[in-house]
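Enquirer: What follows is the file input.txt, containing compact mmCIF, C-alpha atoms:
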# COMPACT_ATOMS: atom_id res chain seq x y z
CA MET A 1 18.98 -17.04 18.23
CA THR A 2 16.18 -18.13 15.94
CA VAL A 3 17.03 -19.53 12.50
CA LEU A 4 15.58 -17.69 9.53
CA ARG A 5 14.74 -19.94 6.60
CA ALA A 6 13.61 -17.48 3.92
CA ASP A 7 15.73 -17.12 0.80
CA ARG A 8 18.10 -14.15 0.89
CA LEU A 9 18.55 -11.67 -1.91
CA GLU A 10 21.36 -9.11 -2.16
CA TYR A 11 21.07 -5.50 -3.30
CA ASP A 12 23.24 -2.41 -3.55
CA ASP A 13 20.74 -0.26 -1.68
CA ALA A 14 17.14 0.01 -0.45
CA LEU A 15 15.81 1.53 -3.65
CA GLU A 16 17.12 -1.36 -5.70
CA LEU A 17 15.49 -3.81 -3.28
CA ILE A 18 12.15 -1.98 -3.36
CA GLU A 19 12.06 -1.93 -7.15
CA ASP A 20 12.98 -5.60 -7.35
CA TYR A 21 10.24 -6.54 -4.86
CA HIS A 22 7.77 -4.62 -7.03
CA ARG A 23 9.02 -6.43 -10.11
CA ARG A 24 8.65 -9.80 -8.43
CA GLY A 25 5.04 -9.03 -7.46
CA TRP A 26 5.79 -9.03 -3.73
CA THR A 27 4.09 -5.73 -2.88
CA ASP A 28 0.59 -4.26 -2.93
CA GLY A 29 1.79 -1.59 -5.34
CA LEU A 30 3.05 0.72 -2.61
CA PRO A 31 6.69 0.97 -1.52
CA ILE A 32 7.81 -1.39 1.22
CA VAL A 33 10.40 -1.31 3.99
CA PRO A 34 13.34 -3.67 3.26
CA PRO A 35 12.86 -6.87 5.31
CA THR A 36 16.44 -7.38 6.42
CA PRO A 37 17.33 -10.37 8.61
CA GLU A 38 18.12 -8.02 11.49
CA ALA A 39 14.72 -6.32 11.30
CA VAL A 40 12.88 -9.63 11.04
CA GLU A 41 14.74 -10.99 14.07
CA ARG A 42 13.75 -7.88 16.05
CA PHE A 43 10.08 -8.44 15.12
CA LEU A 44 10.20 -12.10 16.12
CA GLY A 45 11.83 -11.13 19.40
CA ALA A 46 9.09 -8.58 20.07
CA ALA A 47 6.48 -11.33 19.72
CA GLY A 48 8.57 -13.90 21.61
CA LEU A 49 8.29 -16.34 18.71
CA GLU A 50 10.71 -18.65 16.95
CA ALA A 51 10.86 -18.21 13.20
CA ASP A 52 9.32 -21.61 12.54
CA ALA A 53 6.34 -21.17 14.90
CA VAL A 54 3.24 -22.07 12.89
CA LEU A 55 0.49 -19.43 12.97
CA GLY A 56 -1.93 -21.36 10.80
CA THR A 57 -2.48 -23.09 7.50
CA VAL A 58 -4.45 -22.79 4.29
CA PRO A 59 -5.15 -26.45 3.47
CA THR A 60 -6.71 -25.79 0.06
CA ARG A 61 -3.50 -24.03 -0.99
CA GLU A 62 -1.07 -26.33 0.86
CA VAL A 63 0.32 -23.28 2.65
CA VAL A 64 1.74 -23.18 6.18
CA VAL A 65 2.12 -19.67 7.60
CA THR A 66 4.97 -19.21 10.06
CA ALA A 67 5.97 -16.40 12.39
CA GLU A 68 8.88 -15.68 10.04
CA HIS A 69 6.46 -15.13 7.16
CA ALA A 70 4.41 -12.76 9.31
CA ALA A 71 7.49 -10.88 10.52
CA ILE A 72 8.93 -10.38 7.03
CA ASN A 73 5.64 -9.00 5.75
CA ALA A 74 5.09 -6.87 8.86
CA VAL A 75 8.50 -5.25 8.33
CA MET A 76 7.62 -4.66 4.68
CA ALA A 77 4.26 -3.11 5.68
CA GLY A 78 6.01 -0.47 7.78
CA CYS A 79 5.12 -1.85 11.21
CA LEU A 80 7.21 -1.17 14.30
CA PRO A 81 8.50 -4.23 16.19
CA GLU A 82 6.04 -3.65 19.02
CA TYR A 83 3.12 -4.09 16.58
CA MET A 84 4.19 -7.67 15.91
CA PRO A 85 2.08 -9.38 18.64
CA VAL A 86 -1.00 -7.69 17.16
CA VAL A 87 -0.06 -8.75 13.63
CA VAL A 88 0.43 -12.33 14.87
CA ALA A 89 -3.02 -12.32 16.51
CA ALA A 90 -4.57 -10.97 13.31
CA VAL A 91 -2.90 -13.64 11.18
CA ARG A 92 -4.00 -16.37 13.58
CA ALA A 93 -7.58 -15.07 13.51
CA HIS A 94 -7.57 -14.87 9.72
CA LEU A 95 -6.35 -18.47 9.45
CA HIS A 96 -9.00 -19.89 11.80
CA GLU A 97 -10.96 -22.56 9.94
CA LYS A 98 -14.24 -20.63 10.13
CA ALA A 99 -12.59 -17.41 8.97
CA ASN A 100 -12.62 -19.33 5.70
CA CYS A 101 -9.66 -17.51 4.23
CA HIS A 102 -9.54 -19.41 0.93
CA SER A 103 -13.04 -18.18 0.14
CA THR A 104 -12.84 -14.68 1.60
CA THR A 105 -9.61 -13.77 -0.20
CA GLY A 106 -10.31 -15.53 -3.50
CA THR A 107 -13.87 -14.32 -3.92
CA LEU A 108 -15.15 -12.39 -6.90
CA SER A 109 -16.71 -9.97 -4.43
CA GLY A 110 -13.33 -8.60 -3.33
CA ALA A 111 -14.10 -8.95 0.37
CA SER A 112 -11.69 -7.14 2.68
CA GLN A 113 -10.28 -8.18 6.05
CA LEU A 114 -11.19 -5.80 8.87
CA VAL A 115 -8.96 -5.86 11.95
CA ILE A 116 -10.52 -4.50 15.16
CA ILE A 117 -8.15 -4.01 18.11
CA ASN A 118 -9.28 -4.07 21.74
CA GLY A 119 -7.63 -3.63 25.11
CA PRO A 120 -4.63 -1.77 26.52
CA VAL A 121 -2.49 -2.49 23.48
CA ARG A 122 -4.45 0.23 21.65
CA ALA A 123 -3.04 2.97 23.86
CA GLU A 124 0.40 1.37 24.00
CA LEU A 125 0.68 1.44 20.21
CA GLY A 126 -1.35 4.59 19.53
CA VAL A 127 -4.11 2.84 17.58
CA ALA A 128 -6.71 5.32 16.35
CA CYS A 129 -10.20 4.61 17.68
CA THR A 130 -12.06 7.90 17.32
CA ALA A 131 -12.17 10.61 14.64
CA GLY A 132 -10.89 9.41 11.28
CA CYS A 133 -10.09 5.93 12.53
CA PHE A 134 -11.10 4.15 9.29
CA GLY A 135 -8.78 6.35 7.22
CA PRO A 136 -5.16 7.35 6.71
CA GLY A 137 -2.85 9.12 9.10
CA PHE A 138 -2.32 6.56 11.84
CA ARG A 139 0.70 4.29 11.57
CA PRO A 140 -0.57 1.31 13.61
CA ASN A 141 -3.91 1.27 11.78
CA ALA A 142 -2.27 1.62 8.38
CA THR A 143 0.52 -0.88 8.83
CA ILE A 144 -1.09 -3.63 10.92
CA GLY A 145 -3.91 -3.97 8.40
CA ARG A 146 -1.39 -3.81 5.56
CA ALA A 147 0.79 -6.50 7.17
CA LEU A 148 -2.17 -8.91 7.22
CA ARG A 149 -2.91 -8.13 3.59
CA LEU A 150 0.71 -8.70 2.56
CA VAL A 151 0.64 -12.09 4.32
CA ILE A 152 -2.54 -12.87 2.41
CA ARG A 153 -0.85 -11.92 -0.84
CA ASN A 154 2.67 -13.18 -0.43
CA VAL A 155 2.24 -16.22 1.79
CA CYS A 156 -1.35 -17.30 1.17
CA ARG A 157 -1.06 -16.59 -2.57
CA SER A 158 -4.06 -14.33 -3.03
CA VAL A 159 -2.50 -12.55 -5.97
CA PRO A 160 -4.87 -10.82 -8.41
CA GLY A 161 -5.34 -13.03 -11.45
CA PHE A 162 -4.15 -16.10 -9.55
CA LEU A 163 -6.00 -16.98 -6.34
CA ASP A 164 -7.50 -13.51 -5.91
CA ARG A 165 -10.34 -13.49 -8.45
CA ALA A 166 -12.00 -10.21 -7.41
CA THR A 167 -14.12 -8.55 -10.07
CA PHE A 168 -13.35 -5.03 -8.80
CA SER A 169 -11.55 -5.66 -5.47
CA SER A 170 -11.57 -2.88 -2.88
CA PRO A 171 -9.33 -0.09 -1.57
CA LEU A 172 -10.02 -1.61 1.85
CA ARG A 173 -7.67 -4.39 0.77
CA TYR A 174 -4.68 -2.10 1.20
CA SER A 175 -5.40 -1.93 4.92
CA PHE A 176 -8.46 -1.82 7.15
CA CYS A 177 -7.78 -1.63 10.87
CA PHE A 178 -8.99 0.43 13.80
CA GLY A 179 -9.46 0.17 17.56
CA GLU A 180 -12.64 0.22 19.59
CA ASP A 181 -13.25 3.47 21.48
CA GLU A 182 -13.52 1.71 24.84
CA GLU A 183 -13.04 4.95 26.76
CA GLY A 184 -15.93 6.70 25.00
CA SER A 185 -18.62 4.86 26.97
CA ASP A 186 -19.10 2.29 29.69
CA TRP A 187 -20.04 -0.38 27.18
CA LEU A 188 -18.36 -3.76 27.37
CA PRO A 189 -15.58 -3.93 24.78
CA LEU A 190 -16.04 -6.32 21.88
CA HIS A 191 -13.43 -8.81 23.08
CA VAL A 192 -14.88 -8.91 26.59
CA GLU A 193 -18.31 -9.66 25.17
CA ARG A 194 -16.64 -12.49 23.25
CA GLY A 195 -15.21 -14.06 26.41
CA PHE A 196 -11.83 -12.43 26.94
CA ALA A 197 -10.84 -10.94 30.29
CA PRO A 198 -11.25 -7.22 30.96
CA GLY A 199 -7.82 -5.64 30.79
CA SER A 200 -6.59 -8.11 28.18
CA SER A 201 -5.91 -7.22 24.55
CA ALA A 202 -7.35 -9.00 21.55
CA VAL A 203 -7.86 -8.69 17.82
CA THR A 204 -11.02 -9.49 15.87
CA VAL A 205 -10.80 -10.17 12.14
CA HIS A 206 -14.01 -9.86 10.13
CA SER A 207 -14.17 -10.39 6.38
CA VAL A 208 -16.27 -7.58 4.94
CA MET A 209 -18.21 -8.12 1.74
CA TYR A 210 -19.35 -4.51 1.76
CA MET A 211 -19.66 -1.68 4.24
CA VAL A 212 -22.67 0.59 4.31
CA SER A 213 -23.33 3.75 6.27
CA SER A 214 -26.53 3.89 8.29
CA PRO A 215 -27.06 7.61 8.78
CA ASP A 216 -29.89 8.96 10.90
CA TYR A 217 -29.74 12.67 11.60
CA THR A 218 -33.13 13.08 13.25
CA SER A 219 -33.69 10.30 15.78
CA ARG A 220 -33.09 11.25 19.39
CA THR A 221 -33.94 7.96 21.05
CA PRO A 222 -32.31 4.52 21.24
CA GLU A 223 -35.33 3.04 19.47
CA GLY A 224 -35.12 5.53 16.60
CA VAL A 225 -31.40 5.04 16.04
CA LEU A 226 -31.70 1.25 16.19
CA ASP A 227 -34.74 1.18 13.90
CA SER A 228 -32.63 2.93 11.27
CA LEU A 229 -29.84 0.41 11.79
CA ALA A 230 -32.26 -2.52 11.49
CA ARG A 231 -33.63 -1.12 8.22
CA THR A 232 -30.11 -0.81 6.81
CA ILE A 233 -29.24 -4.40 7.72
CA ARG A 234 -32.53 -5.82 6.44
CA ARG A 235 -32.32 -3.94 3.15
CA GLN A 236 -29.00 -5.60 2.37
CA GLY A 237 -29.31 -9.00 4.03
CA THR A 238 -26.30 -11.09 4.97
CA ALA A 239 -24.27 -13.94 3.50
CA GLY A 240 -24.13 -17.41 4.98
CA ASP A 241 -24.27 -21.07 4.11
CA ARG A 242 -24.70 -24.49 5.69
CA TRP A 243 -21.02 -24.98 6.51
CA LEU A 244 -20.87 -21.69 8.39
CA GLY A 245 -24.12 -22.49 10.17
CA ASP A 246 -25.33 -19.98 12.73
CA GLY A 247 -21.91 -18.49 13.42
CA THR A 248 -21.82 -15.61 10.94
CA ASN A 249 -21.61 -12.02 12.11
CA VAL A 250 -22.52 -8.48 11.21
CA VAL A 251 -20.35 -5.72 12.68
CA ALA A 252 -22.05 -2.41 13.40
CA VAL A 253 -19.65 0.39 14.29
CA ILE A 254 -21.65 2.95 16.22
CA GLY A 255 -20.37 6.51 16.15
CA PRO A 256 -20.63 8.82 19.16
CA GLU A 257 -23.56 10.83 17.77
CA HIS A 258 -25.70 7.68 17.74
CA ARG A 259 -24.07 6.03 20.72
CA ARG A 260 -24.92 8.84 23.13
CA TYR A 261 -28.67 8.31 22.75
CA LEU A 262 -28.23 4.71 23.82
CA VAL A 263 -25.70 5.41 26.57
CA ASP A 264 -27.66 8.35 28.02
CA ALA A 265 -30.75 6.14 28.20
CA GLY A 266 -28.76 3.46 30.02
CA TRP A 267 -28.76 0.97 27.15
CA SER A 268 -25.94 -1.57 27.00
CA LYS A 269 -24.82 -3.38 23.88
CA ALA A 270 -26.88 -6.35 25.07
CA ASP A 271 -29.94 -4.12 25.44
CA ALA A 272 -29.45 -2.86 21.89
CA ARG A 273 -29.16 -6.40 20.54
CA GLU A 274 -32.27 -7.48 22.45
CA TYR A 275 -34.20 -4.63 20.83
CA LEU A 276 -32.77 -5.27 17.37
CA TRP A 277 -33.12 -9.05 17.26
CA PRO A 278 -36.87 -9.35 16.57
CA LYS A 279 -36.60 -6.57 14.02
CA LEU A 280 -33.76 -8.30 12.20
CA THR A 281 -35.45 -11.68 12.19
CA ALA A 282 -39.00 -10.61 11.30
CA PRO A 283 -40.28 -12.16 8.06
CA GLN A 284 -38.51 -10.90 4.97
CA GLN A 285 -40.36 -8.21 3.03
CA PRO A 286 -40.15 -7.42 -0.70
CA GLY A 287 -36.97 -5.53 -1.46
CA GLU A 288 -35.15 -6.88 1.57
CA GLY A 289 -32.35 -9.40 1.82
CA LYS A 290 -32.37 -12.36 4.19
CA VAL A 291 -30.57 -11.77 7.49
CA LYS A 292 -28.83 -15.07 8.19
CA LEU A 293 -27.63 -14.44 11.73
CA GLY A 294 -28.10 -17.45 14.01
CA HIS A 295 -28.39 -15.65 17.32
CA PRO A 296 -28.35 -12.10 18.74
CA GLU A 297 -24.67 -12.34 19.68
CA GLY A 298 -23.88 -12.65 15.99
CA LEU A 299 -24.44 -8.91 15.80
CA LEU A 300 -21.16 -7.38 16.97
CA LEU A 301 -21.59 -3.81 18.21
CA VAL A 302 -18.42 -1.73 18.28
CA ALA A 303 -17.90 1.83 19.51
CA ALA A 304 -15.63 3.96 17.34
CA GLY A 305 -15.47 7.13 15.27
CA GLY A 306 -15.54 10.82 16.01
CA PRO A 307 -18.19 13.48 16.63
CA GLY A 308 -20.24 15.36 14.08
CA MET A 309 -21.79 12.85 11.74
CA ALA A 310 -24.79 10.94 13.08
CA GLU A 311 -24.05 7.56 11.54
CA THR A 312 -23.33 3.93 12.20
CA TRP A 313 -21.30 1.85 9.74
CA VAL A 314 -22.41 -1.67 8.99
CA MET A 315 -19.79 -4.21 7.91
CA PHE A 316 -21.65 -6.98 6.12
CA PRO A 317 -19.89 -10.35 6.19
CA HIS A 318 -18.46 -12.43 3.44
CA LEU A 319 -18.73 -16.19 3.96
CA ALA A 320 -16.92 -16.38 7.29
CA TRP A 321 -17.19 -15.95 11.01
CA ALA A 322 -15.56 -12.99 12.75
CA ILE A 323 -12.76 -14.50 14.82
CA THR A 324 -11.23 -12.99 17.97
CA GLU A 325 -7.70 -13.95 19.06
CA PRO A 326 -5.78 -12.77 22.12
CA VAL A 327 -2.73 -10.54 21.78
CA ARG A 328 -0.08 -12.51 23.64
CA MET B 1 33.67 -2.42 -0.33
CA ALA B 2 30.25 -1.41 1.03
CA ALA B 3 28.14 -4.09 2.67
CA ARG B 4 25.36 -5.43 0.52
CA LEU B 5 21.76 -5.05 1.67
CA ILE B 6 20.07 -8.40 2.37
CA GLY B 7 16.32 -8.77 1.84
CA LEU B 8 14.29 -11.84 2.78
CA ASP B 9 11.83 -13.52 0.44
CA PRO B 10 8.35 -12.78 1.87
CA THR B 11 6.55 -15.60 0.04
CA SER B 12 5.72 -19.22 0.70
CA GLY B 13 7.31 -20.12 -2.62
CA PRO B 14 7.00 -19.23 -6.28
CA LEU B 15 3.56 -19.22 -7.87
CA PRO B 16 3.02 -21.98 -10.41
CA ASP B 17 3.13 -20.88 -14.00
CA THR B 18 -0.43 -21.47 -15.17
CA THR B 19 -0.35 -19.04 -18.07
CA GLY B 20 -2.01 -20.50 -21.10
CA LYS B 21 -2.10 -24.04 -19.78
CA VAL B 22 -5.37 -25.92 -20.06
CA ALA B 23 -6.22 -29.54 -19.49
CA PRO B 24 -6.10 -31.78 -22.58
CA ARG B 25 -9.39 -31.72 -24.47
CA PRO B 26 -10.96 -34.97 -25.70
CA SER B 27 -11.29 -35.12 -29.47
CA SER B 28 -14.96 -36.06 -29.16
CA LEU B 29 -17.67 -36.12 -26.52
CA ASP B 30 -19.17 -39.29 -27.97
CA GLY B 31 -19.47 -41.80 -25.16
CA ALA B 32 -18.40 -39.24 -22.57
CA VAL B 33 -19.54 -39.12 -18.98
CA VAL B 34 -19.97 -35.46 -18.07
CA GLY B 35 -19.38 -34.15 -14.57
CA LEU B 36 -21.57 -31.19 -13.66
CA VAL B 37 -20.15 -29.25 -10.69
CA ALA B 38 -22.56 -26.63 -9.35
CA ASN B 39 -21.17 -24.13 -6.87
CA GLY B 40 -24.57 -23.62 -5.21
CA LEU B 41 -24.88 -19.97 -6.16
CA GLY B 42 -27.77 -18.50 -8.11
CA GLU B 43 -29.27 -20.82 -10.71
CA ALA B 44 -26.09 -22.85 -11.23
CA GLU B 45 -27.88 -26.21 -10.99
CA ALA B 46 -30.58 -25.24 -13.47
CA PHE B 47 -28.00 -23.81 -15.86
CA LEU B 48 -25.82 -26.92 -15.79
CA SER B 49 -28.87 -29.16 -16.20
CA ALA B 50 -29.97 -27.22 -19.27
CA LEU B 51 -26.45 -27.31 -20.65
CA TYR B 52 -26.36 -31.07 -20.15
CA ASP B 53 -29.65 -31.46 -22.00
CA GLU B 54 -28.19 -29.46 -24.87
CA LEU B 55 -25.08 -31.65 -24.95
CA VAL B 56 -27.20 -34.80 -25.01
CA ASN B 57 -29.00 -33.43 -28.06
CA THR B 58 -25.80 -32.71 -29.93
CA HIS B 59 -23.46 -35.49 -28.79
CA HIS B 60 -23.68 -39.12 -27.75
CA ILE B 61 -23.22 -38.43 -24.06
CA THR B 62 -23.41 -41.54 -21.90
CA ALA B 63 -24.23 -40.14 -18.48
CA ALA B 64 -23.90 -37.24 -16.09
CA ILE B 65 -22.27 -37.08 -12.67
CA PRO B 66 -23.94 -34.14 -10.96
CA VAL B 67 -22.16 -32.58 -7.99
CA VAL B 68 -23.68 -29.82 -5.92
CA LYS B 69 -21.33 -28.45 -3.30
CA SER B 70 -22.62 -29.00 0.22
CA SER B 71 -21.94 -25.36 1.04
CA VAL B 72 -21.28 -22.37 -1.16
CA SER B 73 -18.07 -21.30 0.54
CA VAL B 74 -16.13 -24.56 0.59
CA PRO B 75 -14.72 -26.90 -2.08
CA PRO B 76 -16.51 -30.13 -3.08
CA GLU B 77 -16.31 -33.00 -0.59
CA PRO B 78 -13.57 -35.65 -1.06
CA ASP B 79 -16.22 -38.19 -2.09
CA ASP B 80 -17.40 -35.85 -4.84
CA TRP B 81 -13.85 -35.36 -6.12
CA GLN B 82 -13.46 -39.14 -6.19
CA ARG B 83 -16.69 -39.63 -8.15
CA LEU B 84 -15.54 -37.05 -10.66
CA THR B 85 -11.94 -38.17 -11.10
CA GLU B 86 -12.89 -41.85 -11.31
CA GLY B 87 -16.04 -41.59 -13.38
CA ALA B 88 -16.10 -38.45 -15.52
CA THR B 89 -14.52 -38.03 -18.94
CA VAL B 90 -14.88 -34.27 -18.68
CA ALA B 91 -16.38 -31.96 -16.11
CA ILE B 92 -18.08 -28.60 -16.41
CA THR B 93 -18.24 -26.00 -13.72
CA GLY B 94 -18.62 -22.29 -13.44
CA PHE B 95 -17.95 -19.52 -10.99
CA GLY B 96 -19.74 -16.40 -9.96
CA GLY B 97 -23.12 -15.69 -8.42
Will you turn the file into structure tokens for me?
Expert:
Amino acid sequence: MTVLRADRLEYDDALELIEDYHRRGWTDGLPIVPPTPEAVERFLGAAGLEADAVLGTVPTREVVVTAEHAAINAVMAGCLPEYMPVVVAAVRAHLHEKANCHSTTGTLSGASQLVIINGPVRAELGVACTAGCFGPGFRPNATIGRALRLVIRNVCRSVPGFLDRATFSSPLRYSFCFGEDEEGSDWLPLHVERGFAPGSSAVTVHSVMYMVSSPDYTSRTPEGVLDSLARTIRRQGTAGDRWLGDGTNVVAVIGPEHRRYLVDAGWSKADAREYLWPKLTAPQQPGEGKVKLGHPEGLLLVAAGGPGMAETWVMFPHLAWAITEPVR
Amino acid sequence: MAARLIGLDPTSGPLPDTTGKVAPRPSSLDGAVVGLVANGLGEAEAFLSALYDELVNTHHITAAIPVVKSSVSVPPEPDDWQRLTEGATVAITGFGG
């Protein structure tokens, strides 16, 4: 049996524990599930990890994040034990050097951490990928994203007023997680495009500085839909710096009302990127931001969302790469 | 007697108490070497340069140690920290874009 190292606190009942965790600043302001030793051991068992397994570090904060940390916070977030491998993958991705977590979670801009889930694990857990998938009502989406944010707060010390210096912050920092609608088209899933095997499961974490809708209700062709998307991206521009080099990403989540014009015309994600690339990299015009993508593959196209609204959502990056980690 | 509910500490340790604590201030800037740490955003370099010029006009500042971060999103390099901690009497920085 694995050895838990976290300090133990005793309470008369769950309500007393929840109120004390609030008082200690260990929650995001919402109630939590009591992280009992038994629950945490179940979560570690579900991921096949020892408590002291290191998931990553934050060198600037002298923080080492262990599987026990992740399990405690996943229990608190309301996860089920079977979500734990996905939470672990998300934490590992977030702690990748080029995910730049010190910057993305301390920033004045209040960047959020988007978790995109791919592969069979979506169906196994019931991850929402279609209508309403950005919003409330789906336990895996709500709690996996929240678990990552609680790790960021409690373990990595991004507490508002301390190492979280956001000017406004964002409601997306409660939780932001959805799955790709892989069944909605024959497009290659995001993780497969990023080198993972078909049939495997993976998690991509992307730090979002802001998200902008790119609606287009009139275009009926791939070119028209993508021209609208290119205008949206160029108007805003993207963040980047020398240390990040050419590895930054923009995530465009293409809803079914836009996707069908591409799919029906036989366009793959690669075809869409090939069309978009010269438009994104054409000389900057007045009123436009600079698009600092290093190569076409930096544009990550994801299928998700439900029918009705002809829009694509663009997730502009903070100063980080989007990182994909396997679900083991 | 009913069993007590055990909860595990979810943190990596207590946060340091930084409330109200600031580094000791020198009584005078006369003879000081001023570190100027620009974060690379906006007009930070120009602002710090102008601020330094103003300080030179009002105090007997000896020299400046300018540091411009190599990238916006990462801390200063170890060499820059060393130059500042070994050579500067005080340092000025800012945050924001």
Enquirer: If I take atom CA of His94 of chain A and atom CA of Ala70 of chain A, how far is one from the other in Å, to one decimal?
Expert: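 Interatomic distance, atom CA of His94 of chain A to atom CA of Ala70 of chain A: 12.2 Å.
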Enquirer: Write down, as number ranges by chain, each residue of chain B that has any atom within 12 Å of an atom of chain A, counting only C-alpha atoms.
Expert: B: 1-19, 39-41, 69-77, 95-97
Enquirer: Those same residues - C-alpha atoms - I'd like them written as a short mmCIF file (atom, residue, chain, number, x, y, z; two decimals), in the frame of the given file.
Expert:
data_model
loop_
_atom_site.label_atom_id
_atom_site.label_comp_id
_atom_site.auth_asym_id
_atom_site.auth_seq_id
_atom_site.Cartn_x
_atom_site.Cartn_y
_atom_site.Cartn_z
CA MET B 1 33.67 -2.42 -0.33
CA ALA B 2 30.25 -1.41 1.03
CA ALA B 3 28.14 -4.09 2.67
CA ARG B 4 25.36 -5.43 0.52
CA LEU B 5 21.76 -5.05 1.67
CA ILE B 6 20.07 -8.40 2.37
CA GLY B 7 16.32 -8.77 1.84
CA LEU B 8 14.29 -11.84 2.78
CA ASP B 9 11.83 -13.52 0.44
CA PRO B 10 8.35 -12.78 1.87
CA THR B 11 6.55 -15.60 0.04
CA SER B 12 5.72 -19.22 0.70
CA GLY B 13 7.31 -20.12 -2.62
CA PRO B 14 7.00 -19.23 -6.28
CA LEU B 15 3.56 -19.22 -7.87
CA PRO B 16 3.02 -21.98 -10.41
CA ASP B 17 3.13 -20.88 -14.00
CA THR B 18 -0.43 -21.47 -15.17
CA THR B 19 -0.35 -19.04 -18.07
CA ASN B 39 -21.17 -24.13 -6.87
CA GLY B 40 -24.57 -23.62 -5.21
CA LEU B 41 -24.88 -19.97 -6.16
CA LYS B 69 -21.33 -28.45 -3.30
CA SER B 70 -22.62 -29.00 0.22
CA SER B 71 -21.94 -25.36 1.04
CA VAL B 72 -21.28 -22.37 -1.16
CA SER B 73 -18.07 -21.30 0.54
CA VAL B 74 -16.13 -24.56 0.59
CA PRO B 75 -14.72 -26.90 -2.08
CA PRO B 76 -16.51 -30.13 -3.08
CA GLU B 77 -16.31 -33.00 -0.59
CA PHE B 95 -17.95 -19.52 -10.99
CA GLY B 96 -19.74 -16.40 -9.96
CA GLY B 97 -23.12 -15.69 -8.42
#
Enquirer: Can you tell me how far atom CA of Trp267 of chain A sits from atom CA of Leu188 of chain A, in Å to one decimal?
Expert: 11.4 Å
Enquirer: Of the candidates B:Val37, B:Thr93, B:Phe47, B:Glu86, which one gets nearest to Val67 of chain B if we count all atoms listed in the file?
Expert: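 Between B:Val37, B:Thr93, B:Phe47, B:Glu86, the residue approaching Val67 of chain B most closely is B:Val37.
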Enquirer: Could you jot down the atom CA of Ala67 of chain A to atom CA of Leu148 of chain A separation for me, Å, one decimal place?
Expert: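 It comes out at 12.2 Å.
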Enquirer: As JSON, what would the box around segment 172-180 of chain A look like: edges along x, y and z, 5 Å added on every side, centre and edge lengths in Å to one decimal?
Expert:
{"center_x": -8.7, "center_y": -2.0, "center_z": 10.2, "size_x": 18.0, "size_y": 14.8, "size_z": 28.8}
Enquirer: Around (-36.1, -6.1, 1.1) in the file's frame, which residues reach within 12 Å when counting only C-alpha atoms? Return as a VMD selection string?
Expert: chain A and resid 230 to 238 280 282 to 291
Enquirer: Find the residue from B:Ile92, B:Pro78, B:Lys21, B:Ser27 that sits nearest to Leu55 of chain B; use all atoms listed in the file when measuring.
Expert: B:Ile92
Enquirer: Between A:Ser170, A:Asn141, A:Thr57, A:Ser158, which has the minimum distance to Leu80 of chain A (counting all atoms listed in the file)?
Expert: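 Smallest separation from Leu80 of chain A among the options: A:Asn141.
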Enquirer: I'd like the contact shell of Arg146 of chain A - 8 Å cut-off, only C-alpha atoms, skipping same-chain residues fewer than 3 positions apart - returned as a PDB file with C-alpha atoms, in the coordinates of the input.
Expert:
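Generated output (part19.pdb):
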ATOM      1  CA  ALA A  74       5.090  -6.870   8.860  1.00  0.00           C
ATOM      2  CA  ALA A  77       4.260  -3.110   5.680  1.00  0.00           C
ATOM      3  CA  ALA A 142      -2.270   1.620   8.380  1.00  0.00           C
ATOM      4  CA  THR A 143       0.520  -0.880   8.830  1.00  0.00           C
ATOM      5  CA  ARG A 149      -2.910  -8.130   3.590  1.00  0.00           C
ATOM      6  CA  LEU A 150       0.710  -8.700   2.560  1.00  0.00           C
ATOM      7  CA  ARG A 173      -7.670  -4.390   0.770  1.00  0.00           C
ATOM      8  CA  TYR A 174      -4.680  -2.100   1.200  1.00  0.00           C
ATOM      9  CA  SER A 175      -5.400  -1.930   4.920  1.00  0.00           C
ATOM     10  CA  PHE A 176      -8.460  -1.820   7.150  1.00  0.00           C
TER      11      PHE A 176
END
Enquirer: At a cut-off of 8 Å from (-19.1, -33.4, -10.7) in the coordinates of the file, what residues are picked up using only C-alpha atoms, written as a compact mmCIF listing (two decimals) with C-alpha atoms, in the frame of the given file?
Expert:
# COMPACT_ATOMS: atom_id res chain seq x y z
CA VAL B 34 -19.97 -35.46 -18.07
CA GLY B 35 -19.38 -34.15 -14.57
CA LEU B 36 -21.57 -31.19 -13.66
CA VAL B 37 -20.15 -29.25 -10.69
CA ALA B 38 -22.56 -26.63 -9.35
CA ILE B 65 -22.27 -37.08 -12.67
CA PRO B 66 -23.94 -34.14 -10.96
CA VAL B 67 -22.16 -32.58 -7.99
CA VAL B 68 -23.68 -29.82 -5.92
CA ASP B 80 -17.40 -35.85 -4.84
CA TRP B 81 -13.85 -35.36 -6.12
CA ARG B 83 -16.69 -39.63 -8.15
CA LEU B 84 -15.54 -37.05 -10.66
CA ALA B 88 -16.10 -38.45 -15.52
CA ALA B 91 -16.38 -31.96 -16.11
CA ILE B 92 -18.08 -28.60 -16.41
